[in-house]
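Enquirer: To start, I am sharing the structure in question, which I have written as structure tokens.
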Amino acid sequence: MSANTFGNAGFSILLPGARLEGRCGPTNARVRCHLGLKIPPGCELVVGGEPQCWAEGHCLLVDDSFLHTVAHNGSPEDGPRVVFIVDLWHPNVAGAERQALDFVFAPDP
């Protein structure tokens, strides 16, 4: 998804005690792949009212267009929660739709 503004990749670090309140992503044309790098106890992700589970060394696909919350309820000794996030095309978005979205939402030069 690198040809449009909805495609991103990067690290997400959440410190103990932090909470990201309910939010929705900007589009349902993508899914987010979360690769768990460091997942201390007490970390939670709830998407569309359904709890999801990160696991170190494993990927979790998330449609972030649904309301979702993230929290790290662990102690300071647990350290941060770290995931690497990569945006991918939603499998239901056809090739022609991808091309149109890339054209309409091309990043500024």
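Identifiers in the structure tokens: chain A, B, ... in order shown; residue index from 1 per chain; ligand index from 1 in order shown.
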Taking the chain letters and numbering used in this document, name the residues of segment 1-108 of chain A that DSSP puts in helix (DSSP H, G or I), as a count of residues only.

Expert: 13

Enquirer: Can you list, as a short mmCIF file (atom, residue, chain, number, x, y, z; two decimals) with N, CA and C atoms, in the first residue's frame, all residues belonging to segment 13-82 of chain A that DSSP tags as strand (DSSP E)?

Expert:
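File produced: states.cif:
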data_model
loop_
_atom_site.label_atom_id
_atom_site.label_comp_id
_atom_site.auth_asym_id
_atom_site.auth_seq_id
_atom_site.Cartn_x
_atom_site.Cartn_y
_atom_site.Cartn_z
N ILE A 13 4.98 1.56 20.12
CA ILE A 13 5.48 1.31 21.47
C ILE A 13 4.47 1.86 22.46
N LEU A 14 4.05 1.03 23.40
CA LEU A 14 3.08 1.44 24.40
C LEU A 14 3.66 1.16 25.78
N ARG A 19 -3.07 3.92 27.70
CA ARG A 19 -4.32 3.44 27.10
C ARG A 19 -4.66 4.35 25.93
N LEU A 20 -4.96 3.76 24.79
CA LEU A 20 -5.44 4.51 23.63
C LEU A 20 -6.93 4.26 23.53
N GLU A 21 -7.70 5.30 23.76
CA GLU A 21 -9.16 5.17 23.78
C GLU A 21 -9.69 4.82 22.40
N GLY A 22 -10.97 4.48 22.36
CA GLY A 22 -11.60 4.03 21.12
C GLY A 22 -11.36 4.95 19.94
N ARG A 23 -11.01 4.35 18.85
CA ARG A 23 -10.77 5.08 17.60
C ARG A 23 -11.08 4.16 16.44
N ARG A 30 -7.92 -1.35 3.91
CA ARG A 30 -6.67 -1.95 4.37
C ARG A 30 -6.92 -2.85 5.58
N VAL A 31 -5.97 -3.71 5.82
CA VAL A 31 -5.88 -4.43 7.09
C VAL A 31 -4.48 -4.13 7.63
N ARG A 32 -4.36 -4.12 8.94
CA ARG A 32 -3.07 -3.85 9.57
C ARG A 32 -2.51 -5.15 10.10
N CYS A 33 -1.27 -5.41 9.76
CA CYS A 33 -0.57 -6.58 10.26
C CYS A 33 0.29 -6.14 11.44
N HIS A 34 0.00 -6.70 12.62
CA HIS A 34 0.77 -6.41 13.84
C HIS A 34 1.70 -7.59 14.09
N LEU A 35 2.99 -7.37 14.04
CA LEU A 35 3.98 -8.38 14.39
C LEU A 35 4.41 -8.13 15.83
N GLY A 36 4.06 -9.04 16.73
CA GLY A 36 4.41 -8.88 18.14
C GLY A 36 5.89 -9.06 18.35
N LEU A 37 6.57 -8.04 18.86
CA LEU A 37 8.00 -8.12 19.14
C LEU A 37 8.26 -8.28 20.63
N LYS A 38 7.54 -7.51 21.46
CA LYS A 38 7.63 -7.64 22.91
C LYS A 38 6.23 -7.41 23.47
N CYS A 43 -1.27 -6.64 28.35
CA CYS A 43 -1.50 -5.84 27.15
C CYS A 43 -2.78 -6.34 26.48
N GLU A 44 -3.60 -5.40 26.02
CA GLU A 44 -4.84 -5.82 25.39
C GLU A 44 -5.18 -4.97 24.17
N LEU A 45 -5.81 -5.61 23.22
CA LEU A 45 -6.34 -4.97 22.02
C LEU A 45 -7.76 -5.49 21.86
N VAL A 46 -8.72 -4.58 21.77
CA VAL A 46 -10.11 -4.95 21.56
C VAL A 46 -10.56 -4.27 20.27
N VAL A 47 -11.02 -5.08 19.30
CA VAL A 47 -11.45 -4.57 18.00
C VAL A 47 -12.90 -4.96 17.79
N GLU A 50 -14.37 -7.27 20.32
CA GLU A 50 -13.78 -8.61 20.45
C GLU A 50 -12.32 -8.51 20.89
N PRO A 51 -11.95 -9.12 22.01
CA PRO A 51 -10.54 -9.12 22.42
C PRO A 51 -9.67 -9.87 21.42
N GLN A 52 -8.51 -9.31 21.15
CA GLN A 52 -7.52 -9.92 20.26
C GLN A 52 -6.26 -10.20 21.07
N CYS A 59 2.09 -12.79 13.75
CA CYS A 59 1.33 -11.69 13.15
C CYS A 59 -0.14 -11.80 13.52
N LEU A 60 -0.76 -10.65 13.70
CA LEU A 60 -2.18 -10.53 13.96
C LEU A 60 -2.72 -9.54 12.94
N LEU A 61 -3.72 -9.96 12.14
CA LEU A 61 -4.32 -9.06 11.16
C LEU A 61 -5.54 -8.39 11.79
N VAL A 62 -5.61 -7.06 11.63
CA VAL A 62 -6.64 -6.25 12.27
C VAL A 62 -7.26 -5.32 11.24
N HIS A 68 -11.64 0.41 17.97
CA HIS A 68 -10.66 -0.40 18.69
C HIS A 68 -9.99 0.41 19.80
N THR A 69 -9.59 -0.31 20.84
CA THR A 69 -8.86 0.28 21.96
C THR A 69 -7.63 -0.57 22.24
N VAL A 70 -6.63 0.08 22.79
CA VAL A 70 -5.36 -0.58 23.13
C VAL A 70 -4.99 -0.15 24.54
N ALA A 71 -4.51 -1.09 25.35
CA ALA A 71 -4.08 -0.75 26.70
C ALA A 71 -2.91 -1.64 27.12
N HIS A 72 -2.06 -1.06 27.97
CA HIS A 72 -0.96 -1.82 28.59
C HIS A 72 -1.20 -1.70 30.10
N ARG A 81 5.23 -2.44 25.50
CA ARG A 81 4.71 -3.37 24.49
C ARG A 81 5.22 -2.84 23.16
N VAL A 82 5.80 -3.70 22.33
CA VAL A 82 6.34 -3.27 21.04
C VAL A 82 5.79 -4.17 19.94
#

Enquirer: In terms of the shortest atom-to-atom distance over only C-alpha atoms, which of A:Leu67, A:Cys24, A:Ala29, A:Ile39 is closest to Trp89 of chain A?

Expert: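 Of A:Leu67, A:Cys24, A:Ala29, A:Ile39, the one nearest Trp89 of chain A, counting only C-alpha atoms, is A:Ala29.
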
Enquirer: Taking only C-alpha atoms into account, name the residue in A:Gly25, A:Gly42, A:Gly95, A:Gly48 that is nearest to Asp64 of chain A.

Expert: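 Under the stated criterion, the closest residue is A:Gly25.
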
Enquirer: Just how far from atom CA of Gln99 of chain A is atom CA of Ile85 of chain A, in Å to one decimal?

Expert: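 Result for atom CA of Ile85 of chain A versus atom CA of Gln99 of chain A: 22.7 Å, one decimal.
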
Enquirer: Could you tell me how far atom CA of Asn8 of chain A sits from atom CA of Ala55 of chain A, in Å to one decimal place?

Expert: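 Distance between the two atoms: 21.3 Å.
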